[in-house]
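Pasted below: input-v1.cif, mmCIF, C-alpha atoms.
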```cif
data_run
#
loop_
_atom_site.label_atom_id
_atom_site.label_comp_id
_atom_site.auth_asym_id
_atom_site.auth_seq_id
_atom_site.Cartn_x
_atom_site.Cartn_y
_atom_site.Cartn_z
CA MET A 1 7.37 -15.37 32.91
CA THR A 2 6.99 -11.70 33.90
CA ALA A 3 7.57 -10.32 37.38
CA SER A 4 3.84 -9.62 37.89
CA THR A 5 2.95 -13.17 36.85
CA THR A 6 5.55 -14.54 39.24
CA GLN A 7 4.16 -12.46 42.12
CA GLU A 8 0.61 -13.62 41.36
CA THR A 9 1.78 -17.24 41.33
CA VAL A 10 3.58 -16.85 44.64
CA ARG A 11 0.56 -15.23 46.30
CA ARG A 12 -1.89 -17.84 45.05
CA PRO A 13 -2.97 -20.02 48.02
CA THR A 14 -2.64 -23.79 47.95
CA GLY A 15 -5.43 -24.49 50.44
CA THR A 16 -8.86 -25.56 49.27
CA PRO A 17 -12.24 -24.25 50.47
CA LEU A 18 -12.73 -27.58 52.26
CA THR A 19 -9.45 -27.44 54.18
CA ARG A 20 -10.02 -23.79 55.10
CA ALA A 21 -13.52 -24.56 56.39
CA LEU A 22 -12.22 -27.54 58.35
CA GLY A 23 -9.45 -25.43 59.82
CA ILE A 24 -11.90 -22.79 61.02
CA ALA A 25 -14.25 -25.45 62.43
CA THR A 26 -11.33 -27.08 64.24
CA LEU A 27 -10.23 -23.80 65.83
CA ILE A 28 -13.77 -23.06 67.00
CA GLY A 29 -14.08 -26.62 68.31
CA LEU A 30 -10.79 -26.34 70.21
CA ALA A 31 -12.01 -23.21 71.97
CA TRP A 32 -15.26 -25.01 72.81
CA PHE A 33 -13.30 -28.03 74.06
CA VAL A 34 -11.08 -25.91 76.32
CA ALA A 35 -14.12 -24.16 77.79
CA PHE A 36 -15.87 -27.41 78.68
CA GLY A 37 -12.78 -29.42 79.57
CA LEU A 38 -11.13 -26.86 81.84
CA PHE A 39 -13.94 -24.68 83.18
CA LEU A 40 -17.51 -25.94 82.74
CA SER A 41 -17.25 -29.64 83.63
CA PRO A 42 -17.11 -30.49 87.35
CA ASP A 43 -14.25 -32.11 89.24
CA ASP A 44 -14.37 -35.85 89.86
CA VAL A 45 -15.15 -37.05 93.38
CA VAL A 46 -11.99 -39.17 93.55
CA GLN A 47 -9.62 -37.77 90.93
CA LYS A 48 -10.59 -34.12 91.49
CA LYS A 49 -9.16 -31.95 88.66
CA GLY A 50 -7.10 -34.88 87.41
CA VAL A 51 -10.17 -36.16 85.55
CA ARG A 52 -9.67 -33.38 83.00
CA ILE A 53 -6.67 -35.26 81.61
CA LEU A 54 -9.08 -37.96 80.43
CA TYR A 55 -10.82 -35.46 78.14
CA LEU A 56 -7.58 -35.29 76.19
CA HIS A 57 -6.34 -38.83 76.79
CA VAL A 58 -9.39 -40.81 75.66
CA PRO A 59 -10.11 -38.90 72.41
CA SER A 60 -6.41 -39.11 71.50
CA ALA A 61 -6.45 -42.88 71.91
CA TRP A 62 -9.64 -43.34 69.86
CA LEU A 63 -8.37 -41.11 67.06
CA ALA A 64 -5.08 -43.02 67.00
CA TYR A 65 -7.08 -46.23 66.55
CA LEU A 66 -9.10 -44.60 63.77
CA ALA A 67 -5.98 -43.33 62.04
CA PHE A 68 -4.31 -46.74 62.05
CA ILE A 69 -7.49 -48.43 60.80
CA VAL A 70 -7.69 -45.91 57.94
CA THR A 71 -4.06 -46.71 57.17
CA ALA A 72 -4.88 -50.42 56.97
CA ILE A 73 -7.98 -49.89 54.79
CA SER A 74 -6.08 -47.59 52.45
CA SER A 75 -3.24 -50.09 52.25
CA ALA A 76 -5.67 -52.87 51.37
CA ALA A 77 -7.19 -50.64 48.68
CA TYR A 78 -3.74 -50.07 47.21
CA LEU A 79 -2.97 -53.80 47.11
CA SER A 80 -6.26 -54.50 45.32
CA LYS A 81 -5.77 -54.55 41.53
CA ARG A 82 -9.08 -52.75 40.96
CA THR A 83 -8.23 -49.77 43.16
CA ARG A 84 -4.42 -49.69 42.96
CA SER A 85 -3.31 -46.08 43.06
CA LEU A 86 -0.59 -44.16 44.85
CA THR A 87 -3.35 -41.92 46.21
CA TRP A 88 -4.31 -44.75 48.58
CA ASP A 89 -0.69 -45.17 49.64
CA ARG A 90 -0.30 -41.47 50.37
CA LEU A 91 -3.55 -41.50 52.37
CA ALA A 92 -2.23 -44.47 54.36
CA GLY A 93 1.03 -42.69 55.08
CA ALA A 94 -0.63 -39.41 56.05
CA SER A 95 -3.09 -41.15 58.37
CA ALA A 96 -0.30 -43.13 60.04
CA GLU A 97 1.71 -39.98 60.69
CA VAL A 98 -1.26 -38.28 62.33
CA GLY A 99 -2.02 -41.50 64.23
CA VAL A 100 1.50 -41.56 65.65
CA LEU A 101 1.01 -37.96 66.80
CA PHE A 102 -2.24 -38.85 68.59
CA MET A 103 -0.70 -41.98 70.09
CA GLY A 104 2.18 -39.90 71.42
CA ILE A 105 -0.36 -37.57 73.08
CA THR A 106 -2.09 -40.65 74.50
CA LEU A 107 1.10 -41.92 76.11
CA LEU A 108 2.05 -38.48 77.44
CA THR A 109 -1.36 -37.75 78.99
CA GLY A 110 -1.55 -41.32 80.27
CA SER A 111 1.72 -40.90 82.13
CA LEU A 112 0.47 -37.65 83.69
CA TRP A 113 -2.74 -39.35 84.75
CA GLY A 114 -0.71 -42.28 86.12
CA ARG A 115 1.33 -39.92 88.28
CA ILE A 116 -1.89 -38.65 89.85
CA SER A 117 -3.58 -42.04 90.22
CA TRP A 118 -0.65 -44.41 90.91
CA GLY A 119 2.08 -42.08 92.14
CA VAL A 120 4.39 -42.92 89.23
CA TYR A 121 4.56 -41.87 85.60
CA TRP A 122 4.98 -45.37 84.19
CA VAL A 123 4.00 -48.93 85.09
CA TRP A 124 4.54 -52.03 82.99
CA ASP A 125 0.94 -53.19 83.02
CA SER A 126 -0.76 -54.72 79.98
CA ARG A 127 -2.57 -51.60 78.69
CA VAL A 128 0.41 -49.28 79.00
CA THR A 129 2.86 -51.80 77.56
CA THR A 130 0.71 -52.77 74.57
CA THR A 131 0.00 -49.10 73.82
CA ALA A 132 3.72 -48.32 73.83
CA PHE A 133 4.33 -51.31 71.57
CA LEU A 134 1.66 -50.07 69.14
CA PHE A 135 3.33 -46.65 69.09
CA VAL A 136 6.74 -48.17 68.34
CA THR A 137 5.24 -50.41 65.65
CA TYR A 138 3.88 -47.46 63.70
CA LEU A 139 7.13 -45.57 64.11
CA GLY A 140 8.59 -48.63 62.39
CA TYR A 141 5.93 -48.38 59.69
CA LEU A 142 6.95 -44.79 59.00
CA ALA A 143 10.59 -45.86 58.89
CA VAL A 144 9.72 -48.50 56.29
CA ARG A 145 8.07 -45.82 54.18
CA GLY A 146 11.34 -43.90 54.23
CA LEU A 147 13.40 -46.69 52.69
CA GLY A 148 14.66 -46.34 49.13
CA GLY A 149 13.00 -47.57 45.95
CA THR A 150 10.23 -46.46 43.63
CA HIS A 151 6.92 -45.07 44.82
CA HIS A 152 5.17 -48.37 44.13
CA GLN A 153 7.87 -50.35 45.96
CA ARG A 154 7.35 -48.06 48.95
CA ALA A 155 3.60 -48.55 48.71
CA ARG A 156 3.74 -52.35 48.52
CA ARG A 157 6.07 -52.92 51.45
CA SER A 158 4.28 -50.29 53.57
CA ALA A 159 0.90 -51.84 52.85
CA VAL A 160 2.04 -55.24 54.11
CA VAL A 161 3.40 -53.73 57.32
CA ALA A 162 0.20 -51.73 57.85
CA LEU A 163 -2.05 -54.78 57.49
CA LEU A 164 0.03 -56.67 60.05
CA SER A 165 0.33 -53.74 62.46
CA VAL A 166 -3.40 -53.05 62.67
CA LEU A 167 -3.88 -56.46 64.29
CA GLU A 168 -2.37 -55.01 67.47
CA ILE A 169 -5.32 -52.66 68.06
CA PRO A 170 -7.68 -55.34 69.49
CA LEU A 171 -4.81 -56.46 71.74
CA VAL A 172 -4.46 -52.94 73.15
CA HIS A 173 -8.18 -52.26 73.44
CA PHE A 174 -9.15 -55.50 75.20
CA SER A 175 -6.04 -55.72 77.39
CA VAL A 176 -7.96 -54.24 80.36
CA GLU A 177 -10.45 -57.12 80.15
CA TRP A 178 -8.05 -59.96 79.38
CA TRP A 179 -5.34 -59.27 82.00
CA ARG A 180 -6.94 -57.03 84.67
CA PRO A 181 -4.16 -54.41 84.75
CA LEU A 182 -3.75 -51.36 86.98
CA HIS A 183 -5.28 -49.28 84.19
CA GLN A 184 -8.94 -48.60 84.91
CA GLN A 185 -11.76 -50.16 82.91
CA GLU A 186 -13.43 -48.21 80.10
CA SER A 187 -15.03 -45.15 81.69
CA ILE A 188 -17.89 -44.79 79.20
CA ALA A 189 -18.86 -48.47 79.10
CA ASN A 190 -18.92 -48.66 82.89
CA GLY A 191 -20.96 -45.49 83.31
CA LYS A 192 -18.27 -43.69 85.32
CA LEU A 193 -18.77 -40.47 83.39
CA SER A 194 -22.09 -38.66 83.03
CA GLY A 195 -23.55 -35.21 82.54
CA LEU A 196 -21.09 -32.47 81.62
CA MET A 197 -18.14 -34.81 82.16
CA LEU A 198 -19.40 -37.20 79.49
CA PHE A 199 -20.35 -34.29 77.23
CA SER A 200 -16.85 -32.80 77.55
CA LEU A 201 -15.39 -36.12 76.51
CA PHE A 202 -17.60 -36.27 73.41
CA VAL A 203 -16.64 -32.69 72.55
CA GLY A 204 -13.02 -33.83 72.60
CA VAL A 205 -13.80 -36.74 70.26
CA ILE A 206 -15.58 -34.45 67.78
CA VAL A 207 -12.85 -31.80 67.82
CA PHE A 208 -10.05 -34.33 67.48
CA THR A 209 -11.87 -35.96 64.59
CA LEU A 210 -12.07 -32.62 62.77
CA MET A 211 -8.39 -32.04 63.49
CA TYR A 212 -7.52 -35.51 62.22
CA VAL A 213 -9.35 -34.97 58.92
CA TRP A 214 -7.77 -31.54 58.45
CA LEU A 215 -4.25 -32.81 59.15
CA VAL A 216 -4.63 -35.88 56.91
CA LEU A 217 -5.97 -33.81 54.00
CA HIS A 218 -3.02 -31.45 54.18
CA ARG A 219 -0.43 -34.14 54.81
CA GLN A 220 -1.51 -36.39 51.94
CA ARG A 221 -1.40 -33.38 49.61
CA LEU A 222 2.16 -32.68 50.76
CA LEU A 223 3.06 -36.32 50.12
CA ALA A 224 1.59 -36.02 46.62
CA MET A 225 3.67 -32.90 46.10
CA GLN A 226 6.78 -34.76 47.27
CA ASP A 227 6.12 -37.55 44.77
CA ALA A 228 5.59 -35.00 41.99
CA LEU A 229 8.81 -33.27 43.03
CA ASP A 230 10.72 -36.55 42.81
CA ASP A 231 9.24 -37.36 39.40
CA HIS A 232 9.02 -34.02 37.63
CA GLY A 233 10.76 -31.31 39.62
CA LEU A 234 9.76 -28.43 41.89
CA GLU A 235 7.90 -26.20 39.43
CA PHE A 236 5.60 -29.02 38.31
CA ALA A 237 4.90 -30.04 41.91
CA ILE A 238 3.92 -26.50 42.95
CA ALA A 239 1.81 -25.96 39.84
CA GLU A 240 -0.02 -29.25 40.40
CA ARG A 241 -0.90 -28.40 43.98
CA ARG A 242 -2.09 -24.91 43.08
CA GLU A 243 -4.24 -26.41 40.38
CA GLU A 244 -5.80 -28.67 42.99
CA ALA A 245 -6.55 -25.67 45.22
CA VAL A 246 -8.95 -24.29 42.63
CA PHE A 247 -11.47 -27.07 43.33
#
```
Reformat the file's structure so that it appears as structure tokens.
Amino acid sequence: MTASTTQETVRRPTGTPLTRALGIATLIGLAWFVAFGLFLSPDDVVQKKGVRILYLHVPSAWLAYLAFIVTAISSAAYLSKRTRSLTWDRLAGASAEVGVLFMGITLLTGSLWGRISWGVYWVWDSRVTTTAFLFVTYLGYLAVRGLGGTHHQRARRSAVVALLSVLEIPLVHFSVEWWRPLHQQESIANGKLSGLMLFSLFVGVIVFTLMYVWLVLHRQRLLAMQDALDDHGLEFAIAERREEAVF
């Protein structure tokens, strides 16, 4: 391979038109979200500026739910004989990683909101406790993925854990109805948000959804590259990803 060919190979991007478009849309959406969340939406009558934390907290929680559900669906697809492919396993792993990120943001923003509303950063009520347990469960799922063995052994054991872990989501979501905790009831369902406040919340959901898709696309491609690296070496893995970027 000549020096010019090597330079051309190094400069060749690995992103796809889809991921680049999603990245641009996400950046624009984030600017839009900041404008509405911090400046255009009004203060709450009771929580004052503290309500702005909810614009980050609620979308993070919903996207974490979505990510873990995608992990479960992808895991089920892998276990099915008709659709068994490591692509499903890598999608499950990528979605779980992003879901853990969003769940971490949920817990962090929730503690900040709790300090404003309750005077403390943490209380052991049902919603907070079950959310923390869900977070730890998916950290465990990621740890299981990191155990030794072949790619298919990793996929099988991870799929079983994912299908069991997703059963915790209804427990977290309905905990505010089943046990009447300190955590407030659902703001949207109870009509506590309206006008620009409700719109700002939906902007957050849209932007976080775009970010989720962008992160999962990139992360599952990196996981595919890691598998190719394990099986065939570095040069093959890089060449395979650059070939994918053409489409």
The residues within 10 Å of (-7.8, -47.0, 58.6), using only C-alpha atoms and the coordinates of the file, should be reported as a PyMOL selection string; which are they? chain A and resi 64-76+91-92+95-96+99+162-163+166
Closest of A:Trp88, A:Tyr55, A:Phe102, A:Phe174 to Met211 in chain A - atom-to-atom distances counting only C-alpha atoms: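 Among the listed residues, A:Phe102 lies closest to Met211 in chain A.
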As a check of understanding: the span from CA of Gly149 in chain A to CA of Asp230 in chain A is 11.7 Å
When distances are computed from all atoms listed in the file, which of A:Ser80, A:Thr129, A:Ser111, A:Ser117 shows the smallest separation from Lys49 in chain A?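 So, comparing all the options, the nearest one is A:Ser117.
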Work out how far CA of Gly93 in chain A is from CA of Thr150 in chain A, in Å to one decimal.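 A separation of 15.2 Å between them.
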Find the spatial neighbours of Val203 in chain A, counting all atoms listed in the file, within a cut-off of 8 Å - ignore same-chain residues fewer than 4 positions away - and output them as a list in words. Gly29, Trp32, Phe33, Phe199 and Val207 of chain A
CA of Phe208 in chain A to CA of Leu63 in chain A, straight-line distance in Å: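 Here the two named atoms are 7.0 Å from each other.
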In terms of the shortest atom-to-atom distance over all atoms listed in the file, which of A:Ser126, A:Thr26, A:Thr87, A:Ser60 is closest to Ala155 in chain A? A:Thr87
If you apply the PyMOL selection byres ((chain A and resi 35) around 12) to this file, what residues do you get, as a compact mmCIF listing (two decimals) with C-alpha atoms, keeping the file's coordinate frame?
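Saved to out-v5.txt:
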```
# COMPACT_ATOMS: atom_id res chain seq x y z
CA ILE A 28 -13.77 -23.06 67.00
CA GLY A 29 -14.08 -26.62 68.31
CA LEU A 30 -10.79 -26.34 70.21
CA ALA A 31 -12.01 -23.21 71.97
CA TRP A 32 -15.26 -25.01 72.81
CA PHE A 33 -13.30 -28.03 74.06
CA VAL A 34 -11.08 -25.91 76.32
CA PHE A 36 -15.87 -27.41 78.68
CA GLY A 37 -12.78 -29.42 79.57
CA LEU A 38 -11.13 -26.86 81.84
CA PHE A 39 -13.94 -24.68 83.18
CA LEU A 40 -17.51 -25.94 82.74
CA SER A 41 -17.25 -29.64 83.63
CA PRO A 42 -17.11 -30.49 87.35
CA ARG A 52 -9.67 -33.38 83.00
CA TYR A 55 -10.82 -35.46 78.14
CA LEU A 196 -21.09 -32.47 81.62
CA PHE A 199 -20.35 -34.29 77.23
CA SER A 200 -16.85 -32.80 77.55
CA VAL A 203 -16.64 -32.69 72.55
CA GLY A 204 -13.02 -33.83 72.60
```
Would you kindly translate the PyMOL selection byres ((chain A and resi 53) around 9) into the concrete residues it picks from this file, as a PyMOL selection string? chain A and resi 37+49-52+54-58+109-110+112-113
Write out the residues from the selection above, keeping C-alpha atoms, as a PDB file, keeping the file's coordinate frame.
```pdb
ATOM      1  CA  GLY A  37     -12.780 -29.420  79.570  1.00  0.00           C
ATOM      2  CA  LYS A  49      -9.160 -31.950  88.660  1.00  0.00           C
ATOM      3  CA  GLY A  50      -7.100 -34.880  87.410  1.00  0.00           C
ATOM      4  CA  VAL A  51     -10.170 -36.160  85.550  1.00  0.00           C
ATOM      5  CA  ARG A  52      -9.670 -33.380  83.000  1.00  0.00           C
ATOM      6  CA  LEU A  54      -9.080 -37.960  80.430  1.00  0.00           C
ATOM      7  CA  TYR A  55     -10.820 -35.460  78.140  1.00  0.00           C
ATOM      8  CA  LEU A  56      -7.580 -35.290  76.190  1.00  0.00           C
ATOM      9  CA  HIS A  57      -6.340 -38.830  76.790  1.00  0.00           C
ATOM     10  CA  VAL A  58      -9.390 -40.810  75.660  1.00  0.00           C
ATOM     11  CA  THR A 109      -1.360 -37.750  78.990  1.00  0.00           C
ATOM     12  CA  GLY A 110      -1.550 -41.320  80.270  1.00  0.00           C
ATOM     13  CA  LEU A 112       0.470 -37.650  83.690  1.00  0.00           C
ATOM     14  CA  TRP A 113      -2.740 -39.350  84.750  1.00  0.00           C
TER      15      TRP A 113
END
```
Could you model N, CA, C and O atoms for range 37-51 of chain A and present them as a tab-separated table (two decimals), in the frame of the given file?
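As a result, result_13.tsv now contains:
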```
chain	number	residue	atom	x	y	z
A	37	GLY	N	-13.74	-28.55	78.90
A	37	GLY	CA	-12.78	-29.42	79.57
A	37	GLY	C	-12.13	-28.81	80.79
A	37	GLY	O	-11.88	-29.50	81.78
A	38	LEU	N	-11.86	-27.50	80.73
A	38	LEU	CA	-11.13	-26.86	81.84
A	38	LEU	C	-12.02	-26.10	82.81
A	38	LEU	O	-11.66	-25.95	83.98
A	39	PHE	N	-13.17	-25.60	82.34
A	39	PHE	CA	-13.94	-24.68	83.18
A	39	PHE	C	-15.37	-25.13	83.51
A	39	PHE	O	-15.81	-24.99	84.64
A	40	LEU	N	-16.09	-25.67	82.53
A	40	LEU	CA	-17.51	-25.94	82.74
A	40	LEU	C	-17.80	-27.30	83.37
A	40	LEU	O	-18.77	-27.44	84.11
A	41	SER	N	-16.99	-28.30	83.07
A	41	SER	CA	-17.25	-29.64	83.63
A	41	SER	C	-16.78	-29.68	85.09
A	41	SER	O	-15.80	-29.04	85.45
A	42	PRO	N	-17.47	-30.45	85.92
A	42	PRO	CA	-17.11	-30.49	87.35
A	42	PRO	C	-15.90	-31.38	87.62
A	42	PRO	O	-15.50	-32.19	86.79
A	43	ASP	N	-15.33	-31.23	88.80
A	43	ASP	CA	-14.25	-32.11	89.24
A	43	ASP	C	-14.82	-33.48	89.59
A	43	ASP	O	-15.99	-33.62	89.96
A	44	ASP	N	-13.97	-34.50	89.46
A	44	ASP	CA	-14.37	-35.85	89.86
A	44	ASP	C	-14.30	-35.99	91.38
A	44	ASP	O	-13.48	-35.32	92.04
A	45	VAL	N	-15.13	-36.86	91.93
A	45	VAL	CA	-15.15	-37.05	93.38
A	45	VAL	C	-13.82	-37.60	93.87
A	45	VAL	O	-13.30	-37.17	94.92
A	46	VAL	N	-13.23	-38.53	93.13
A	46	VAL	CA	-11.99	-39.17	93.55
A	46	VAL	C	-10.77	-38.49	92.94
A	46	VAL	O	-9.82	-38.13	93.65
A	47	GLN	N	-10.79	-38.30	91.62
A	47	GLN	CA	-9.62	-37.77	90.93
A	47	GLN	C	-9.52	-36.25	90.95
A	47	GLN	O	-8.51	-35.68	90.52
A	48	LYS	N	-10.56	-35.58	91.44
A	48	LYS	CA	-10.59	-34.12	91.49
A	48	LYS	C	-10.35	-33.53	90.09
A	48	LYS	O	-10.95	-33.96	89.13
A	49	LYS	N	-9.43	-32.57	89.96
A	49	LYS	CA	-9.16	-31.95	88.66
A	49	LYS	C	-8.41	-32.88	87.72
A	49	LYS	O	-8.33	-32.63	86.51
A	50	GLY	N	-7.84	-33.95	88.24
A	50	GLY	CA	-7.10	-34.88	87.41
A	50	GLY	C	-7.95	-35.55	86.34
A	50	GLY	O	-7.43	-36.03	85.33
A	51	VAL	N	-9.28	-35.55	86.53
A	51	VAL	CA	-10.17	-36.16	85.55
A	51	VAL	C	-10.11	-35.43	84.22
A	51	VAL	O	-10.40	-36.00	83.16
```
